[in-house]
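So this one's query.cif, mmCIF, C-alpha atoms:
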data_upload
loop_
_atom_site.group_PDB
_atom_site.id
_atom_site.type_symbol
_atom_site.label_atom_id
_atom_site.label_comp_id
_atom_site.auth_asym_id
_atom_site.auth_seq_id
_atom_site.Cartn_x
_atom_site.Cartn_y
_atom_site.Cartn_z
ATOM 1 C CA MET A 217 0.000 0.000 0.000
ATOM 2 C CA ARG A 218 1.412 3.376 -1.052
ATOM 3 C CA LEU A 219 0.703 6.852 0.298
ATOM 4 C CA THR A 220 -0.335 9.919 -1.663
ATOM 5 C CA LEU A 221 -0.303 13.462 -0.340
ATOM 6 C CA GLY A 222 -3.254 15.355 -1.794
ATOM 7 C CA PRO A 223 -3.152 19.052 -2.707
ATOM 8 C CA VAL A 224 -3.434 21.761 -0.060
ATOM 9 C CA LEU A 225 -7.100 22.749 -0.160
ATOM 10 C CA PHE A 226 -6.836 25.811 2.072
ATOM 11 C CA ASN A 227 -5.505 29.328 1.506
ATOM 12 C CA TRP A 228 -2.120 29.154 3.213
ATOM 13 C CA ASP A 229 0.514 31.871 3.205
ATOM 14 C CA ALA A 230 2.733 31.380 0.143
ATOM 15 C CA GLY A 231 5.896 30.977 2.203
ATOM 16 C CA ALA A 232 4.223 28.478 4.527
ATOM 17 C CA TRP A 233 2.873 26.616 1.483
ATOM 18 C CA ARG A 234 6.374 26.346 -0.016
ATOM 19 C CA ASP A 235 7.971 25.298 3.277
ATOM 20 C CA PHE A 236 5.270 22.700 3.836
ATOM 21 C CA TYR A 237 6.089 20.957 0.546
ATOM 22 C CA PHE A 238 9.831 21.288 1.121
ATOM 23 C CA ARG A 239 9.467 19.478 4.428
ATOM 24 C CA MET A 240 7.166 16.840 2.945
ATOM 25 C CA ALA A 241 9.752 16.259 0.215
ATOM 26 C CA ASP A 242 12.599 15.842 2.688
ATOM 27 C CA GLU A 243 10.915 13.997 5.559
ATOM 28 C CA ALA A 244 7.548 12.429 4.717
ATOM 29 C CA PRO A 245 7.296 8.747 3.658
ATOM 30 C CA VAL A 246 4.824 9.461 0.845
ATOM 31 C CA ASP A 247 5.206 8.153 -2.686
ATOM 32 C CA THR A 248 3.091 10.604 -4.708
ATOM 33 C CA VAL A 249 2.339 14.292 -4.133
ATOM 34 C CA VAL A 250 -0.389 16.360 -5.808
ATOM 35 C CA VAL A 251 0.408 20.082 -6.065
ATOM 36 C CA GLY A 252 -1.478 23.075 -7.393
ATOM 37 C CA GLU A 253 -4.520 25.182 -6.577
ATOM 38 C CA ILE A 254 -7.665 23.159 -7.136
ATOM 39 C CA VAL A 255 -10.277 25.136 -5.142
ATOM 40 C CA CYS A 256 -10.070 28.819 -6.155
ATOM 41 C CA SER A 257 -8.136 30.126 -9.151
ATOM 42 C CA LYS A 258 -7.804 33.544 -7.491
ATOM 43 C CA ARG A 259 -5.346 32.040 -4.998
ATOM 44 C CA LEU A 260 -2.988 30.643 -7.631
ATOM 45 C CA PRO A 261 -0.861 33.779 -8.298
ATOM 46 C CA PHE A 262 0.275 33.922 -4.659
ATOM 47 C CA PHE A 263 2.363 30.758 -4.819
ATOM 48 C CA LEU A 264 2.832 30.306 -8.579
ATOM 49 C CA ASP A 265 6.445 31.496 -8.347
ATOM 50 C CA HIS A 266 7.158 28.763 -5.805
ATOM 51 C CA MET A 267 5.785 25.941 -7.943
ATOM 52 C CA PRO A 268 9.005 25.165 -9.894
ATOM 53 C CA SER A 269 11.150 24.936 -6.756
ATOM 54 C CA VAL A 270 8.526 22.825 -4.967
ATOM 55 C CA ILE A 271 8.234 20.417 -7.888
ATOM 56 C CA ASP A 272 12.026 20.192 -8.211
ATOM 57 C CA ARG A 273 12.404 19.478 -4.493
ATOM 58 C CA LEU A 274 9.749 16.770 -4.546
ATOM 59 C CA THR A 275 11.168 15.170 -7.677
ATOM 60 C CA ALA A 276 14.713 15.210 -6.279
ATOM 61 C CA ALA A 277 13.382 13.408 -3.199
ATOM 62 C CA GLY A 278 12.011 10.616 -5.375
ATOM 63 C CA LYS A 279 8.345 11.572 -5.139
ATOM 64 C CA THR A 280 6.003 11.267 -8.100
ATOM 65 C CA VAL A 281 4.437 14.679 -8.759
ATOM 66 C CA LEU A 282 0.901 15.174 -10.065
ATOM 67 C CA LEU A 283 -0.460 18.578 -11.082
ATOM 68 C CA GLY A 284 -4.000 19.058 -9.809
ATOM 69 C CA SER A 285 -6.620 20.773 -11.963
ATOM 70 C CA LEU A 286 -9.356 23.038 -10.643
ATOM 71 C CA VAL A 287 -12.440 21.304 -9.298
ATOM 72 C CA LEU A 288 -14.767 23.800 -10.978
ATOM 73 C CA VAL A 289 -13.707 25.477 -14.228
ATOM 74 C CA SER A 290 -16.103 28.294 -15.102
ATOM 75 C CA LEU A 291 -14.153 31.296 -16.447
ATOM 76 C CA PRO A 292 -12.150 31.839 -19.664
ATOM 77 C CA ARG A 293 -8.941 32.458 -17.692
ATOM 78 C CA GLU A 294 -9.524 29.211 -15.798
ATOM 79 C CA ARG A 295 -9.891 27.327 -19.070
ATOM 80 C CA ARG A 296 -6.609 28.859 -20.235
ATOM 81 C CA GLN A 297 -4.940 27.844 -16.972
ATOM 82 C CA MET A 298 -6.095 24.267 -17.417
ATOM 83 C CA ALA A 299 -4.903 24.220 -21.033
ATOM 84 C CA ASP A 300 -1.462 25.345 -19.842
ATOM 85 C CA LEU A 301 -1.506 22.680 -17.137
ATOM 86 C CA VAL A 302 -2.023 19.940 -19.702
ATOM 87 C CA GLU A 303 1.126 21.046 -21.528
ATOM 88 C CA ALA A 304 3.305 20.577 -18.431
ATOM 89 C CA GLU A 305 5.720 17.647 -18.247
ATOM 90 C CA HIS A 306 4.163 16.097 -15.149
ATOM 91 C CA LEU A 307 1.036 13.969 -15.003
ATOM 92 C CA VAL A 308 -2.171 15.967 -14.556
ATOM 93 C CA GLU A 309 -4.768 14.920 -11.986
ATOM 94 C CA VAL A 310 -8.166 15.757 -13.469
ATOM 95 C CA ASN A 311 -10.770 17.149 -11.056
ATOM 96 C CA ASP A 312 -13.144 18.613 -13.661
ATOM 97 C CA LEU A 313 -14.096 16.780 -16.854
ATOM 98 C CA SER A 314 -13.781 19.999 -18.853
ATOM 99 C CA CYS A 315 -10.037 19.210 -18.864
ATOM 100 C CA MET A 316 -10.550 15.952 -20.751
ATOM 101 C CA PRO A 317 -10.696 17.330 -24.335
ATOM 102 C CA ALA A 318 -7.316 19.027 -23.888
ATOM 103 C CA LEU A 319 -5.781 15.779 -22.642
ATOM 104 C CA ALA A 320 -6.910 13.933 -25.778
ATOM 105 C CA GLY A 321 -5.874 10.462 -24.624
ATOM 106 C CA ARG A 322 -2.678 11.496 -22.866
ATOM 107 C CA ARG A 323 -1.657 9.724 -19.666
ATOM 108 C CA HIS A 324 -3.290 11.319 -16.625
ATOM 109 C CA ALA A 325 -4.827 10.683 -13.214
ATOM 110 C CA ILE A 326 -8.374 11.199 -11.967
ATOM 111 C CA GLY A 327 -8.968 13.008 -8.679
ATOM 112 C CA PRO A 328 -11.645 12.293 -6.041
ATOM 113 C CA PHE A 329 -13.869 15.119 -7.330
ATOM 114 C CA VAL A 330 -14.856 13.223 -10.484
ATOM 115 C CA ASN A 331 -17.899 11.017 -9.901
ATOM 116 C CA VAL A 332 -16.500 7.540 -10.519
ATOM 117 C CA TYR A 333 -19.330 5.505 -9.007
ATOM 118 C CA ASN A 334 -19.166 2.271 -11.028
ATOM 119 C CA GLU A 335 -16.945 0.004 -13.093
ATOM 120 C CA ALA A 336 -18.210 1.322 -16.444
ATOM 121 C CA THR A 337 -17.193 4.890 -15.618
ATOM 122 C CA ALA A 338 -13.776 3.772 -14.404
ATOM 123 C CA ALA A 339 -13.266 1.667 -17.539
ATOM 124 C CA PHE A 340 -14.288 4.594 -19.767
ATOM 125 C CA LEU A 341 -11.773 6.900 -18.075
ATOM 126 C CA ALA A 342 -9.028 4.268 -18.127
ATOM 127 C CA GLY A 343 -9.663 3.817 -21.840
ATOM 128 C CA ARG A 344 -9.032 7.532 -22.328
ATOM 129 C CA GLY A 345 -5.650 7.422 -20.591
ATOM 130 C CA ALA A 346 -6.345 7.460 -16.832
ATOM 131 C CA GLU A 347 -3.601 5.422 -15.141
ATOM 132 C CA ARG A 348 -4.706 6.085 -11.588
ATOM 133 C CA ILE A 349 -8.068 7.002 -10.069
ATOM 134 C CA CYS A 350 -8.737 8.393 -6.600
ATOM 135 C CA LEU A 351 -12.281 7.289 -5.895
ATOM 136 C CA PRO A 352 -14.876 9.667 -4.375
ATOM 137 C CA PRO A 353 -14.715 9.544 -0.559
ATOM 138 C CA GLU A 354 -18.421 8.785 -0.156
ATOM 139 C CA LEU A 355 -18.213 5.297 -1.702
ATOM 140 C CA PRO A 356 -18.824 2.251 0.518
ATOM 141 C CA LEU A 357 -16.320 -0.580 0.455
ATOM 142 C CA ALA A 358 -18.563 -2.824 -1.675
ATOM 143 C CA SER A 359 -18.452 -0.242 -4.477
ATOM 144 C CA VAL A 360 -14.720 0.320 -4.023
ATOM 145 C CA ARG A 361 -14.130 -3.417 -4.342
ATOM 146 C CA ALA A 362 -16.326 -3.785 -7.420
ATOM 147 C CA ILE A 363 -14.578 -0.961 -9.238
ATOM 148 C CA ALA A 364 -11.002 -1.776 -8.237
ATOM 149 C CA THR A 365 -11.215 -5.510 -8.971
ATOM 150 C CA ALA A 366 -12.769 -4.847 -12.384
ATOM 151 C CA LEU A 367 -9.659 -2.923 -13.535
ATOM 152 C CA PRO A 368 -6.604 -4.549 -11.926
ATOM 153 C CA ASP A 369 -4.172 -2.639 -14.177
ATOM 154 C CA THR A 370 -5.381 0.740 -12.901
ATOM 155 C CA VAL A 371 -4.047 2.192 -9.649
ATOM 156 C CA PHE A 372 -7.000 2.923 -7.371
ATOM 157 C CA GLU A 373 -6.709 5.230 -4.412
ATOM 158 C CA VAL A 374 -9.003 6.127 -1.509
ATOM 159 C CA PHE A 375 -9.261 9.329 0.534
ATOM 160 C CA ALA A 376 -7.987 8.137 3.937
ATOM 161 C CA PHE A 377 -7.178 11.195 6.065
ATOM 162 C CA GLY A 378 -8.458 14.759 6.232
ATOM 163 C CA LYS A 379 -11.671 16.738 6.205
ATOM 164 C CA VAL A 380 -13.757 15.215 3.446
ATOM 165 C CA PRO A 381 -14.569 17.384 0.396
ATOM 166 C CA LEU A 382 -18.338 17.374 -0.042
ATOM 167 C CA ALA A 383 -19.267 20.123 -2.501
ATOM 168 C CA ILE A 384 -17.988 22.997 -4.634
ATOM 169 C CA SER A 385 -19.907 26.121 -5.606
ATOM 170 C CA ALA A 386 -19.591 29.205 -7.797
ATOM 171 C CA ARG A 387 -20.378 31.241 -4.671
ATOM 172 C CA CYS A 388 -17.811 32.041 -1.998
ATOM 173 C CA TYR A 389 -19.222 31.281 1.422
ATOM 174 C CA HIS A 390 -16.202 32.725 3.172
ATOM 175 C CA ALA A 391 -16.748 36.100 1.530
ATOM 176 C CA ARG A 392 -20.482 36.038 2.254
ATOM 177 C CA VAL A 393 -19.939 35.369 5.963
ATOM 178 C CA HIS A 394 -17.803 38.517 6.176
ATOM 179 C CA GLY A 395 -20.213 40.646 4.151
ATOM 180 C CA LEU A 396 -17.998 40.648 1.060
ATOM 181 C CA SER A 397 -18.597 39.703 -2.567
ATOM 182 C CA LYS A 398 -16.707 36.946 -4.328
ATOM 183 C CA ASP A 399 -15.059 39.441 -6.692
ATOM 184 C CA ASN A 400 -13.903 41.553 -3.746
ATOM 185 C CA CYS A 401 -13.288 38.799 -1.214
ATOM 186 C CA ARG A 402 -9.999 40.284 0.095
ATOM 187 C CA PHE A 403 -8.863 36.665 0.331
ATOM 188 C CA ILE A 404 -10.542 36.477 3.709
ATOM 189 C CA CYS A 405 -10.242 32.663 3.677
ATOM 190 C CA GLU A 406 -6.569 33.043 4.632
ATOM 191 C CA GLN A 407 -7.774 33.734 8.184
ATOM 192 C CA ASP A 408 -8.853 30.080 8.460
ATOM 193 C CA PRO A 409 -5.891 27.862 7.466
ATOM 194 C CA ASP A 410 -7.881 24.762 8.411
ATOM 195 C CA GLY A 411 -11.239 26.001 7.134
ATOM 196 C CA LEU A 412 -14.085 27.889 8.835
ATOM 197 C CA PRO A 413 -16.136 25.676 11.202
ATOM 198 C CA VAL A 414 -19.907 25.688 10.754
ATOM 199 C CA SER A 415 -22.157 24.689 13.643
ATOM 200 C CA THR A 416 -25.824 23.837 13.887
ATOM 201 C CA LEU A 417 -28.233 26.067 15.832
ATOM 202 C CA ASP A 418 -27.641 23.726 18.764
ATOM 203 C CA GLY A 419 -23.904 24.379 18.617
ATOM 204 C CA ASP A 420 -22.889 20.997 17.213
ATOM 205 C CA GLY A 421 -20.090 20.754 14.646
ATOM 206 C CA PHE A 422 -21.613 20.342 11.200
ATOM 207 C CA LEU A 423 -19.444 21.392 8.241
ATOM 208 C CA THR A 424 -16.275 23.292 7.317
ATOM 209 C CA VAL A 425 -16.215 26.135 4.792
ATOM 210 C CA ASN A 426 -13.173 26.740 2.592
ATOM 211 C CA GLY A 427 -13.982 29.599 0.221
ATOM 212 C CA VAL A 428 -16.201 28.091 -2.466
ATOM 213 C CA GLN A 429 -15.752 24.595 -1.038
ATOM 214 C CA THR A 430 -17.705 22.697 1.597
ATOM 215 C CA LEU A 431 -15.884 20.085 3.668
ATOM 216 C CA SER A 432 -16.907 17.794 6.499
ATOM 217 C CA HIS A 433 -16.603 18.829 10.131
ATOM 218 C CA THR A 434 -15.061 15.456 10.922
ATOM 219 C CA CYS A 435 -11.714 14.178 9.708
ATOM 220 C CA ALA A 436 -11.647 10.968 7.717
ATOM 221 C CA ASN A 437 -9.426 8.310 9.252
ATOM 222 C CA LEU A 438 -9.305 4.965 7.457
ATOM 223 C CA LEU A 439 -6.153 3.725 9.154
ATOM 224 C CA GLY A 440 -7.956 0.785 10.744
ATOM 225 C CA ASP A 441 -9.653 -0.053 7.452
ATOM 226 C CA ALA A 442 -6.415 -0.317 5.451
ATOM 227 C CA PRO A 443 -6.335 -4.165 5.410
ATOM 228 C CA ALA A 444 -9.890 -4.319 4.024
ATOM 229 C CA LEU A 445 -9.047 -1.677 1.422
ATOM 230 C CA ALA A 446 -5.938 -3.577 0.341
ATOM 231 C CA ASP A 447 -8.019 -6.738 0.033
ATOM 232 C CA ALA A 448 -10.477 -4.781 -2.142
ATOM 233 C CA GLY A 449 -7.744 -3.858 -4.612
ATOM 234 C CA VAL A 450 -6.883 -0.352 -3.379
ATOM 235 C CA ARG A 451 -3.196 0.401 -3.911
ATOM 236 C CA SER A 452 -2.803 3.854 -2.376
ATOM 237 C CA LEU A 453 -4.227 5.892 0.499
ATOM 238 C CA ARG A 454 -4.614 9.672 0.168
ATOM 239 C CA LEU A 455 -3.670 12.008 3.009
ATOM 240 C CA SER A 456 -5.221 15.457 2.632
ATOM 241 C CA PRO A 457 -3.119 18.265 4.178
ATOM 242 C CA GLN A 458 -4.590 19.714 7.353
ATOM 243 C CA HIS A 459 -3.183 22.401 9.644
ATOM 244 C CA CYS A 460 -1.175 19.905 11.687
ATOM 245 C CA ASP A 461 2.112 17.997 11.455
ATOM 246 C CA MET A 462 1.492 16.099 8.218
ATOM 247 C CA VAL A 463 4.969 14.568 8.249
ATOM 248 C CA GLU A 464 4.082 12.762 11.471
ATOM 249 C CA VAL A 465 0.660 11.867 10.069
ATOM 250 C CA ALA A 466 2.370 10.233 7.091
ATOM 251 C CA ARG A 467 4.850 8.447 9.351
ATOM 252 C CA THR A 468 2.004 7.141 11.507
ATOM 253 C CA PHE A 469 0.214 5.730 8.472
ATOM 254 C CA ARG A 470 3.448 4.231 7.140
ATOM 255 C CA ASP A 471 4.262 2.570 10.462
ATOM 256 C CA VAL A 472 0.827 0.936 10.661
ATOM 257 C CA LEU A 473 0.853 -0.140 7.023
ATOM 258 C CA ASP A 474 4.310 -1.670 7.443
ATOM 259 C CA GLY A 475 3.339 -3.507 10.630
ATOM 260 C CA ARG A 476 5.542 -1.515 13.011
ATOM 261 C CA SER A 477 2.494 -0.235 14.901
ATOM 262 C CA GLU A 478 -1.083 -1.331 15.537
ATOM 263 C CA ALA A 479 -3.958 0.598 13.975
ATOM 264 C CA GLU A 480 -5.434 1.508 17.365
ATOM 265 C CA ALA A 481 -2.140 2.980 18.558
ATOM 266 C CA GLY A 482 -1.811 4.773 15.243
ATOM 267 C CA SER A 483 -5.242 6.357 15.593
ATOM 268 C CA GLU A 484 -4.362 7.482 19.109
ATOM 269 C CA ALA A 485 -1.233 9.118 17.702
ATOM 270 C CA LEU A 486 -3.279 10.819 14.979
ATOM 271 C CA ALA A 487 -5.696 12.169 17.609
ATOM 272 C CA THR A 488 -2.721 13.758 19.380
ATOM 273 C CA LEU A 489 -1.398 15.226 16.128
ATOM 274 C CA TYR A 490 -4.800 16.596 15.082
ATOM 275 C CA PRO A 491 -6.711 17.229 18.317
ATOM 276 C CA ALA A 492 -10.267 18.517 18.793
ATOM 277 C CA VAL A 493 -11.407 17.157 15.408
ATOM 278 C CA PRO A 494 -13.461 13.933 15.570
ATOM 279 C CA PHE A 495 -12.505 11.065 13.274
ATOM 280 C CA ALA A 496 -14.984 9.366 10.954
ATOM 281 C CA ASN A 497 -15.123 6.458 8.511
ATOM 282 C CA GLY A 498 -18.875 6.090 8.063
ATOM 283 C CA PHE A 499 -18.945 6.396 4.277
ATOM 284 C CA LEU A 500 -16.742 3.324 3.846
ATOM 285 C CA HIS A 501 -19.083 1.328 6.091
ATOM 286 C CA GLY A 502 -22.229 2.405 4.258
ATOM 287 C CA ILE A 503 -23.547 4.537 7.130
ATOM 288 C CA PRO A 504 -23.677 8.342 7.623
ATOM 289 C CA GLY A 505 -20.264 9.713 6.747
ATOM 290 C CA ALA A 506 -19.756 11.552 10.037
ATOM 291 C CA SER A 507 -20.027 8.269 11.967
ATOM 292 C CA ARG A 508 -17.095 6.373 13.356
ATOM 293 C CA VAL A 509 -16.800 2.570 13.378
ATOM 294 C CA ALA A 510 -13.970 2.044 15.817
ATOM 295 C CA GLY A 511 -11.768 -0.997 15.693
ATOM 296 C CA ALA A 512 -13.843 -2.535 12.905
ATOM 297 C CA ARG A 513 -13.076 -3.843 9.485
ATOM 298 C CA ALA A 514 -15.172 -2.689 6.539
ATOM 299 C CA GLY A 515 -15.155 -6.114 4.917
ATOM 300 C CA GLY A 516 -18.889 -6.555 5.276
ATOM 301 C CA ALA A 517 -19.856 -3.047 4.183
#

Using the file provided, produce a representation of the structure as structure tokens.
Amino acid sequence: MRLTLGPVLFNWDAGAWRDFYFRMADEAPVDTVVVGEIVCSKRLPFFLDHMPSVIDRLTAAGKTVLLGSLVLVSLPRERRQMADLVEAEHLVEVNDLSCMPALAGRRHAIGPFVNVYNEATAAFLAGRGAERICLPPELPLASVRAIATALPDTVFEVFAFGKVPLAISARCYHARVHGLSKDNCRFICEQDPDGLPVSTLDGDGFLTVNGVQTLSHTCANLLGDAPALADAGVRSLRLSPQHCDMVEVARTFRDVLDGRSEAEAGSEALATLYPAVPFANGFLHGIPGASRVAGARAGGA
């Protein structure tokens, strides 16, 4: 089982963003790293100058680099950005199917934002050049197994750690909360490097807002489900960057996957690394996504 580091979803300071990837390159036991702005194209200019050095550092460290596309492409400049992305030398991870015509059968990856819900869809995408597919995080294990076993030559990946991406919108919730418009947002989302918590009227944690994106309140943790996922044909687990020590998160996953630590001890370590955020794995077990099945295997899901 390999580990993939997903793209940073949040609006981090450009210097912090660069240093984060430098440290992941030098210290984290991950095999593949996805870089690029996939949530809001307005954020891209802030760290664009750092992209070459980040990619070089990751490549020199032996990591496979994927370039993530936007999740929602809606403007002419965004279409131009995606066209330029396709021309880059590294593999593109597609998060919006509007990128597909420009790829024209070239090798690429599919991100978790594309609705791959069955074997036919996966086979169609693989036939168009998709070598690896990160399945949507809401799939139960039975669906994961059916898709992955139907295409054994394709690398399938599952979202295994981080606040789960649930929706994307043309509206910016962050701006609206602060009485601003999307066009004049003042990049207010930078005030919440781990997203803006949303509570119910009763004060219970409900969702997380990240600009135009909606994420879960809970943090996915499939560490204890890794054996069942491997048995289902999954070959990589995705770790989504959160505002915590992601190097240690990656090391914790690697230690459990390699048998140097038990899953329960690993989850306890993760809770220390990312405190005050409840873990969940309900989607994989076919129950509400915010639920947690502790110490269980998803084999019967």

Handout entry: the PyMOL selection byres ((chain A and resi 430-434) around 9) applied to the shown file, residues as a PyMOL selection string
Key = chain A and resi 378-385+389+411+413-415+421-429+435-436+493-496+505-507

Practice task
Could you state which residues are captured by the PyMOL selection byres ((chain A and resi 333) around 8) in this file, as a list in words?
Solution key: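 Evaluating the PyMOL selection byres ((chain A and resi 333) around 8) on this file yields Asn331, Val332, Asn334, Glu335, Thr337, Ala338, Leu351, Pro352, Leu355 and Ser359 of chain A.
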
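The shortest atom-to-atom distance to Leu260 in chain A, with all atoms listed in the file taken into account, belongs to A:Gly284 out of A:Gly502, A:Gly395, A:Gly343, A:Gly284.
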
Practice task
Extract, using only C-alpha atoms, all DNA, RNA and protein residues at most 9 Å from Cys401 in chain A, discarding same-chain residues fewer than 3 positions from it, and format them as a PyMOL selection string.
Solution key: chain A and resi 388+390-392+394-398+404-405

Practice task
Could you check which of A:Leu288, A:Leu313, A:Val374, A:Ala362 is closest to Arg344 in chain A, using all atoms listed in the file?
Solution key: A:Leu313

Could you work out an axis-aligned box for range 394-406 of chain A, taking every atom the file lists and adding 4 Å on each side, and report centre and edge lengths in Å to one decimal, as AutoDock Vina command-line options?
--center_x -13.4 --center_y 37.1 --center_z -0.3 --size_x 21.6 --size_y 16.9 --size_z 20.9

Residues matched by the PyMOL selection byres ((chain A and resi 466-477) around 8), written as an mmCIF file with C-alpha atoms, in the frame of the given file:
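File written: expr-v3.cif
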data_model
loop_
_atom_site.group_PDB
_atom_site.id
_atom_site.type_symbol
_atom_site.label_atom_id
_atom_site.label_comp_id
_atom_site.auth_asym_id
_atom_site.auth_seq_id
_atom_site.Cartn_x
_atom_site.Cartn_y
_atom_site.Cartn_z
ATOM 1 C CA MET A 217 0.000 0.000 0.000
ATOM 2 C CA LEU A 219 0.703 6.852 0.298
ATOM 3 C CA ALA A 244 7.548 12.429 4.717
ATOM 4 C CA PRO A 245 7.296 8.747 3.658
ATOM 5 C CA VAL A 246 4.824 9.461 0.845
ATOM 6 C CA LEU A 439 -6.153 3.725 9.154
ATOM 7 C CA ALA A 442 -6.415 -0.317 5.451
ATOM 8 C CA LEU A 455 -3.670 12.008 3.009
ATOM 9 C CA MET A 462 1.492 16.099 8.218
ATOM 10 C CA VAL A 463 4.969 14.568 8.249
ATOM 11 C CA GLU A 464 4.082 12.762 11.471
ATOM 12 C CA VAL A 465 0.660 11.867 10.069
ATOM 13 C CA GLU A 478 -1.083 -1.331 15.537
ATOM 14 C CA ALA A 479 -3.958 0.598 13.975
ATOM 15 C CA ALA A 481 -2.140 2.980 18.558
ATOM 16 C CA GLY A 482 -1.811 4.773 15.243
ATOM 17 C CA ALA A 485 -1.233 9.118 17.702
ATOM 18 C CA LEU A 486 -3.279 10.819 14.979
#

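Going from CA of Ala277 in chain A over to CA of Ala487 in chain A, you cover 28.3 Å.
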
Exercise for the section: Considering all atoms listed in the file, return as number ranges by chain whatever protein or nucleic-acid residues lie within 12 Å of Ala320 in chain A, sequence-local ones (same chain, fewer than 4 positions apart) excluded. Expected result: A: 299, 302-303, 313-316, 324, 341, 343-346

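When all atoms listed in the file are used to compute distances to Leu283 in chain A, the closest of the residues A:His306, A:His501, A:Arg451, A:Arg348 turns out to be A:His306.
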
Handout entry: Of the listed residues A:Ala232, A:Leu264, A:Ala325, A:Val393, that which approaches His459 in chain A most closely, counting only C-alpha atoms
Key = A:Ala232

Generate the coordinates of all heavy atoms for range 374-379 of chain A; report them as an mmCIF file, in the frame of the given file.
data_model
loop_
_atom_site.group_PDB
_atom_site.id
_atom_site.type_symbol
_atom_site.label_atom_id
_atom_site.label_comp_id
_atom_site.auth_asym_id
_atom_site.auth_seq_id
_atom_site.Cartn_x
_atom_site.Cartn_y
_atom_site.Cartn_z
ATOM 1 N N VAL A 374 -7.864 5.740 -2.340
ATOM 2 C CA VAL A 374 -9.003 6.127 -1.509
ATOM 3 C C VAL A 374 -8.576 7.249 -0.564
ATOM 4 O O VAL A 374 -7.464 7.245 -0.031
ATOM 5 C CB VAL A 374 -9.534 4.910 -0.712
ATOM 6 C CG1 VAL A 374 -10.472 5.345 0.397
ATOM 7 C CG2 VAL A 374 -10.254 3.941 -1.640
ATOM 8 N N PHE A 375 -9.472 8.199 -0.367
ATOM 9 C CA PHE A 375 -9.261 9.329 0.534
ATOM 10 C C PHE A 375 -9.273 8.803 1.964
ATOM 11 O O PHE A 375 -10.307 8.362 2.464
ATOM 12 C CB PHE A 375 -10.383 10.345 0.322
ATOM 13 C CG PHE A 375 -10.173 11.689 0.970
ATOM 14 C CD1 PHE A 375 -9.715 12.764 0.234
ATOM 15 C CD2 PHE A 375 -10.460 11.875 2.308
ATOM 16 C CE1 PHE A 375 -9.542 14.014 0.823
ATOM 17 C CE2 PHE A 375 -10.289 13.111 2.910
ATOM 18 C CZ PHE A 375 -9.826 14.185 2.167
ATOM 19 N N ALA A 376 -8.118 8.845 2.662
ATOM 20 C CA ALA A 376 -7.987 8.137 3.937
ATOM 21 C C ALA A 376 -7.735 9.024 5.139
ATOM 22 O O ALA A 376 -7.827 8.548 6.275
ATOM 23 C CB ALA A 376 -6.861 7.108 3.842
ATOM 24 N N PHE A 377 -7.389 10.288 4.933
ATOM 25 C CA PHE A 377 -7.178 11.195 6.065
ATOM 26 C C PHE A 377 -7.448 12.629 5.640
ATOM 27 O O PHE A 377 -6.987 13.074 4.590
ATOM 28 C CB PHE A 377 -5.746 11.099 6.602
ATOM 29 C CG PHE A 377 -5.498 12.012 7.780
ATOM 30 C CD1 PHE A 377 -5.812 11.617 9.063
ATOM 31 C CD2 PHE A 377 -4.968 13.282 7.589
ATOM 32 C CE1 PHE A 377 -5.610 12.466 10.149
ATOM 33 C CE2 PHE A 377 -4.761 14.138 8.665
ATOM 34 C CZ PHE A 377 -5.082 13.733 9.949
ATOM 35 N N GLY A 378 -8.193 13.344 6.473
ATOM 36 C CA GLY A 378 -8.458 14.759 6.232
ATOM 37 C C GLY A 378 -9.940 15.060 6.209
ATOM 38 O O GLY A 378 -10.782 14.152 6.118
ATOM 39 N N LYS A 379 -10.276 16.325 6.331
ATOM 40 C CA LYS A 379 -11.671 16.738 6.205
ATOM 41 C C LYS A 379 -12.147 16.416 4.802
ATOM 42 O O LYS A 379 -11.484 16.744 3.814
ATOM 43 C CB LYS A 379 -11.805 18.229 6.522
ATOM 44 C CG LYS A 379 -11.508 18.535 7.983
ATOM 45 C CD LYS A 379 -11.651 20.017 8.300
ATOM 46 C CE LYS A 379 -11.362 20.260 9.782
ATOM 47 N NZ LYS A 379 -11.435 21.698 10.149
#
